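Text of protein-v3.txt (compact mmCIF, C-alpha atoms) as supplied:
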```
# COMPACT_ATOMS: atom_id res chain seq x y z
CA MET A 1 24.97 -36.02 -10.03
CA LYS A 2 26.59 -32.95 -8.46
CA LYS A 3 25.99 -30.97 -11.67
CA THR A 4 22.30 -31.88 -11.59
CA ILE A 5 21.92 -30.81 -7.95
CA LEU A 6 23.81 -27.59 -8.66
CA LEU A 7 21.61 -26.85 -11.69
CA ILE A 8 18.44 -27.47 -9.67
CA ALA A 9 19.73 -25.22 -6.88
CA VAL A 10 20.51 -22.41 -9.35
CA LEU A 11 17.06 -22.71 -10.94
CA PHE A 12 15.40 -22.68 -7.51
CA ILE A 13 17.32 -19.56 -6.46
CA ALA A 14 16.45 -17.82 -9.74
CA ALA A 15 12.76 -18.65 -9.31
CA ALA A 16 12.76 -17.51 -5.69
CA SER A 17 14.38 -14.19 -6.58
CA GLN A 18 11.61 -13.50 -9.11
CA ALA A 19 8.90 -13.77 -6.44
CA GLN A 20 8.92 -10.36 -4.84
CA THR A 21 6.97 -9.19 -1.85
CA LEU A 22 5.76 -5.68 -1.20
CA GLN A 23 8.53 -5.21 1.38
CA SER A 24 11.20 -6.39 -1.05
CA LEU A 25 9.86 -3.99 -3.69
CA PHE A 26 10.20 -1.06 -1.31
CA ASP A 27 13.62 -2.29 -0.16
CA LYS A 28 14.83 -2.61 -3.73
CA TYR A 29 13.81 0.87 -4.87
CA SER A 30 13.99 2.97 -1.68
CA GLU A 31 17.78 3.32 -2.01
CA ASP A 32 17.67 4.10 -5.76
CA GLU A 33 18.52 7.74 -6.54
CA HIS A 34 15.61 7.96 -8.99
CA PHE A 35 13.09 7.47 -6.17
CA GLU A 36 11.84 9.54 -3.25
CA TYR A 37 11.10 7.44 -0.16
CA VAL A 38 9.24 8.24 3.06
CA SER A 39 8.51 5.84 5.91
CA VAL A 40 6.49 6.61 9.02
CA GLY A 41 6.00 3.92 11.63
CA GLY A 42 5.96 3.13 15.31
CA ASN A 43 6.15 6.33 17.37
CA GLY A 44 5.71 8.50 14.28
CA MET A 45 2.26 7.03 13.69
CA MET A 46 1.32 7.57 17.35
CA ILE A 47 2.38 11.22 17.16
CA ALA A 48 0.41 11.78 13.96
CA SER A 49 -2.59 10.04 15.50
CA SER A 50 -2.50 12.13 18.68
CA LYS A 51 -2.21 15.35 16.66
CA GLY A 52 -5.24 14.28 14.61
CA ASN A 53 -7.37 13.64 17.71
CA VAL A 54 -7.85 17.36 18.33
CA ALA A 55 -11.06 17.29 16.30
CA LYS A 56 -13.96 15.24 17.62
CA THR A 57 -14.45 12.02 15.66
CA LYS A 58 -17.61 9.97 15.31
CA ASN A 59 -16.09 6.75 16.61
CA PRO A 60 -12.66 7.19 18.19
CA ASN A 61 -12.51 3.51 19.21
CA SER A 62 -13.07 2.10 15.74
CA GLY A 63 -10.06 -0.21 16.09
CA SER A 64 -8.28 0.96 12.95
CA LYS A 65 -4.60 1.23 13.67
CA THR A 66 -2.12 1.93 10.92
CA LYS A 67 1.24 0.63 12.10
CA SER A 68 3.23 2.07 9.23
CA THR A 69 2.93 4.12 6.08
CA LYS A 70 5.54 3.98 3.34
CA ILE A 71 5.61 6.15 0.24
CA LEU A 72 7.75 5.50 -2.82
CA THR A 73 7.69 7.97 -5.73
CA LEU A 74 9.39 7.77 -9.11
CA LYS A 75 9.53 10.86 -11.29
CA ALA A 76 10.25 9.63 -14.81
CA GLY A 77 8.54 9.39 -18.17
CA SER A 78 6.21 6.45 -18.72
CA ASP A 79 8.45 5.22 -21.56
CA SER A 80 11.66 5.34 -19.51
CA GLN A 81 13.49 2.12 -18.77
CA ILE A 82 13.29 2.62 -14.99
CA MET A 83 9.51 3.20 -15.12
CA LYS A 84 8.97 0.04 -17.17
CA ALA A 85 11.13 -2.05 -14.80
CA PHE A 86 9.38 -0.63 -11.75
CA GLU A 87 5.91 -1.27 -13.18
CA LYS A 88 6.90 -4.84 -14.09
CA ASP A 89 8.10 -5.46 -10.52
CA LEU A 90 4.98 -3.82 -9.08
CA ASN A 91 2.66 -5.96 -11.22
CA ALA A 92 4.51 -9.11 -10.12
CA VAL A 93 4.04 -8.12 -6.47
CA LEU A 94 0.33 -7.39 -6.97
CA GLU A 95 -0.23 -10.77 -8.62
CA ALA A 96 1.79 -12.74 -6.09
CA GLY A 97 0.34 -10.85 -3.12
CA LYS A 98 -3.29 -11.57 -4.01
CA PHE A 99 -4.42 -7.97 -3.64
CA GLU A 100 -8.07 -7.08 -4.22
CA THR A 101 -8.86 -3.91 -6.17
CA THR A 102 -11.07 -1.60 -4.09
CA LEU A 103 -10.97 1.50 -6.31
CA GLU A 104 -9.89 2.35 -9.84
CA THR A 105 -10.03 5.77 -11.48
CA ARG A 106 -8.71 7.04 -14.82
CA SER A 107 -8.77 10.53 -16.27
CA LYS A 108 -6.73 12.11 -19.07
CA GLY A 109 -3.80 9.69 -18.78
CA ASP A 110 -3.76 9.72 -14.97
CA SER A 111 -4.87 6.72 -12.94
CA THR A 112 -5.30 5.72 -9.32
CA HIS A 113 -5.75 2.19 -8.04
CA MET A 114 -6.40 1.16 -4.45
CA TYR A 115 -5.71 -2.39 -3.37
CA TYR A 116 -6.46 -4.27 -0.16
CA ARG A 117 -5.37 -7.60 1.25
CA SER A 118 -6.04 -9.23 4.57
CA LEU A 119 -3.06 -10.87 6.22
CA GLY A 120 -4.96 -12.42 9.08
CA LYS A 121 -7.21 -11.42 11.94
CA ASP A 122 -5.38 -8.28 13.01
CA SER A 123 -3.31 -7.40 9.97
CA ALA A 124 -3.98 -5.98 6.51
CA ASP A 125 -2.33 -3.93 3.80
CA GLN A 126 -3.69 -1.11 1.71
CA LEU A 127 -1.74 -0.07 -1.36
CA ILE A 128 -2.51 3.06 -3.36
CA VAL A 129 -0.90 3.38 -6.79
CA ALA A 130 -1.18 6.84 -8.37
CA LYS A 131 0.24 7.31 -11.86
CA THR A 132 0.59 10.31 -14.14
CA LYS A 133 2.54 10.69 -17.38
CA THR A 134 5.66 11.70 -15.43
CA GLU A 135 5.26 10.14 -11.97
CA LEU A 136 4.31 6.93 -10.20
CA SER A 137 3.66 6.89 -6.46
CA LEU A 138 2.98 3.98 -4.13
CA ILE A 139 1.46 4.53 -0.71
CA TRP A 140 1.50 1.45 1.51
CA ASN A 141 -0.51 1.46 4.75
CA SER A 142 -0.04 -1.56 6.98
CA GLY A 143 -1.72 -2.44 10.23
CA LYS A 144 -5.13 -3.28 11.62
CA LEU A 145 -7.31 -2.11 8.74
CA SER A 146 -10.76 -3.45 8.01
CA LYS A 147 -11.97 -3.69 4.44
CA GLY A 148 -14.77 -1.22 5.17
CA GLU A 149 -12.29 1.39 6.40
CA VAL A 150 -10.17 1.32 3.24
CA MET A 151 -12.99 1.27 0.69
CA PRO A 152 -14.00 4.85 -0.16
CA GLY A 153 -17.64 5.70 0.31
CA VAL A 154 -18.50 2.39 1.94
CA SER A 155 -19.45 2.32 5.58
CA LEU A 156 -20.05 -0.92 7.40
CA ASN A 157 -21.29 1.01 10.45
CA THR A 158 -25.09 1.20 10.29
CA ASP A 159 -25.42 3.03 13.62
CA ASP A 160 -26.57 6.53 12.61
CA ASP A 161 -27.52 7.67 16.13
CA ASP A 162 -24.56 10.05 16.18
CA ALA A 163 -25.24 11.52 12.72
CA GLY A 164 -24.83 15.26 12.72
CA ASP A 165 -23.27 15.14 16.17
CA THR A 166 -25.35 18.11 17.38
CA GLU A 167 -25.81 19.10 20.99
CA LYS A 168 -29.21 18.93 22.63
CA SER A 169 -30.32 21.90 24.72
```
As structure tokens, the full file:
Amino acid sequence: MKKTILLIAVLFIAAASQAQTLQSLFDKYSEDEHFEYVSVGGNGMMIASSKGNVAKTKNPNSGSKTKSTKILTLKAGSDSQIMKAFEKDLNAVLEAGKFETTLETRSKGDSTHMYYRSLGKDSADQLIVAKTKTELSLIWNSGKLSKGEVMPGVSLNTDDDDAGDTEKS
């Protein structure tokens, strides 16, 4: 009986370790010497936001608030063992995380994919995966992001009263 319980526990642990999240993917590879890692969050995002508010924007109160941005870059050949392992882990995360593809481009061996997932009323993730023959980069934006704000060329705002933003004399 003890052997059966132990076997079930080992199988459960093995299955649980296979299910990766986006955070666990970044945690796993951010310390690896083959990867470059950048993380901006909290006060860093507020500083970047305040620096960007110098120019007048159409709708400064849009409600979009990125809480953090993380970037993970691997410079290696597409046939390298580390690239294959990383892509396998990334694909597992994308499948398990129920991401929706919002953009896909391919040109001469290079590709870019943008993914979006809603995590609730005030939380969403955007993941950008850019791949060349010698590099794979992930850019993860997390925070209060609406689907319309992360889909290129799509605007859910139909109010065009401010279009052109010209002064009246």
Subject >> Between atom CA of Leu25 of chain A and atom CA of Leu90 of chain A - distance in Å to one decimal >> reply: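 Between these atoms lies a distance of 7.3 Å.
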Original post:
Which residue gives the smallest distance to Arg117 of chain A among A:Thr132, A:Ser68, A:Thr101, A:Thr21, with all atoms listed in the file counted?
Top reply: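 The closest residue to Arg117 of chain A is A:Thr101.
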Original post:
Could you list as a list of chain:residue names every residue that has an atom within 12 Å of (14.1, 9.0, -8.2), using the file's coordinates and counting all atoms listed in the file?
Top reply: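 With a cut-off of 12 Å, the residues come to A:Tyr29, A:Ser30, A:Glu31, A:Asp32, A:Glu33, A:His34, A:Phe35, A:Glu36, A:Tyr37, A:Leu72, A:Thr73, A:Leu74, A:Lys75, A:Ala76, A:Gly77, A:Ile82, A:Met83, A:Phe86, A:Thr134, A:Glu135, A:Leu136, A:Ser137.
Taking atom CA of Gly41 of chain A and atom CA of Gln23 of chain A as the two end points, the separation is 14.0 Å.
Residues lying within 10 Å of Tyr116 of chain A, counting only C-alpha atoms and ignoring same-chain neighbours fewer than 5 positions away, are Gly97, Lys98, Phe99, Glu100, Thr101, Thr102, Leu103, Ala124, Asp125, Gln126, Leu127, Ile128, Trp140, Asn141, Ser142, Leu145, Ser146, Lys147, Val150 and Met151 of chain A.
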C-alpha atoms of the current selection, written as a CSV table (one decimal), in the frame of the given file:
```csv
chain,number,residue,atom,x,y,z
A,97,GLY,CA,0.3,-10.8,-3.1
A,98,LYS,CA,-3.3,-11.6,-4.0
A,99,PHE,CA,-4.4,-8.0,-3.6
A,100,GLU,CA,-8.1,-7.1,-4.2
A,101,THR,CA,-8.9,-3.9,-6.2
A,102,THR,CA,-11.1,-1.6,-4.1
A,103,LEU,CA,-11.0,1.5,-6.3
A,124,ALA,CA,-4.0,-6.0,6.5
A,125,ASP,CA,-2.3,-3.9,3.8
A,126,GLN,CA,-3.7,-1.1,1.7
A,127,LEU,CA,-1.7,-0.1,-1.4
A,128,ILE,CA,-2.5,3.1,-3.4
A,140,TRP,CA,1.5,1.4,1.5
A,141,ASN,CA,-0.5,1.5,4.8
A,142,SER,CA,0.0,-1.6,7.0
A,145,LEU,CA,-7.3,-2.1,8.7
A,146,SER,CA,-10.8,-3.4,8.0
A,147,LYS,CA,-12.0,-3.7,4.4
A,150,VAL,CA,-10.2,1.3,3.2
A,151,MET,CA,-13.0,1.3,0.7
```
**OP:** Rounded to one decimal place, report the atom CA of Gly143 of chain A-atom CA of Arg106 of chain A distance in Å.
**Re:**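 These two atoms are separated by 27.7 Å.
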**OP:** Name the residues in contact with Asp89 of chain A at a cut-off of 9 Å, using all atoms listed in the file, excluding same-chain residues fewer than 4 positions from it; report them as a count of residues only.
**Re:** 7
Find the residues around Asp110 of chain A up to 8 Å (only C-alpha atoms counted), leave out those fewer than 2 positions away in its own chain, and share them as an mmCIF file with C-alpha atoms, in the frame of the given file.
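part_23.cif was written with the following content:
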```
data_model
loop_
_atom_site.group_PDB
_atom_site.id
_atom_site.type_symbol
_atom_site.label_atom_id
_atom_site.label_comp_id
_atom_site.auth_asym_id
_atom_site.auth_seq_id
_atom_site.Cartn_x
_atom_site.Cartn_y
_atom_site.Cartn_z
ATOM 1 C CA ARG A 106 -8.710 7.040 -14.820
ATOM 2 C CA SER A 107 -8.770 10.530 -16.270
ATOM 3 C CA LYS A 108 -6.730 12.110 -19.070
ATOM 4 C CA THR A 112 -5.300 5.720 -9.320
ATOM 5 C CA ALA A 130 -1.180 6.840 -8.370
ATOM 6 C CA LYS A 131 0.240 7.310 -11.860
ATOM 7 C CA THR A 132 0.590 10.310 -14.140
ATOM 8 C CA LYS A 133 2.540 10.690 -17.380
#
```
Subject >> Counting only C-alpha atoms, the option among A:Ala96, A:Val129, A:Val38, A:Leu22 closest to Tyr115 of chain A >> reply: A:Val129
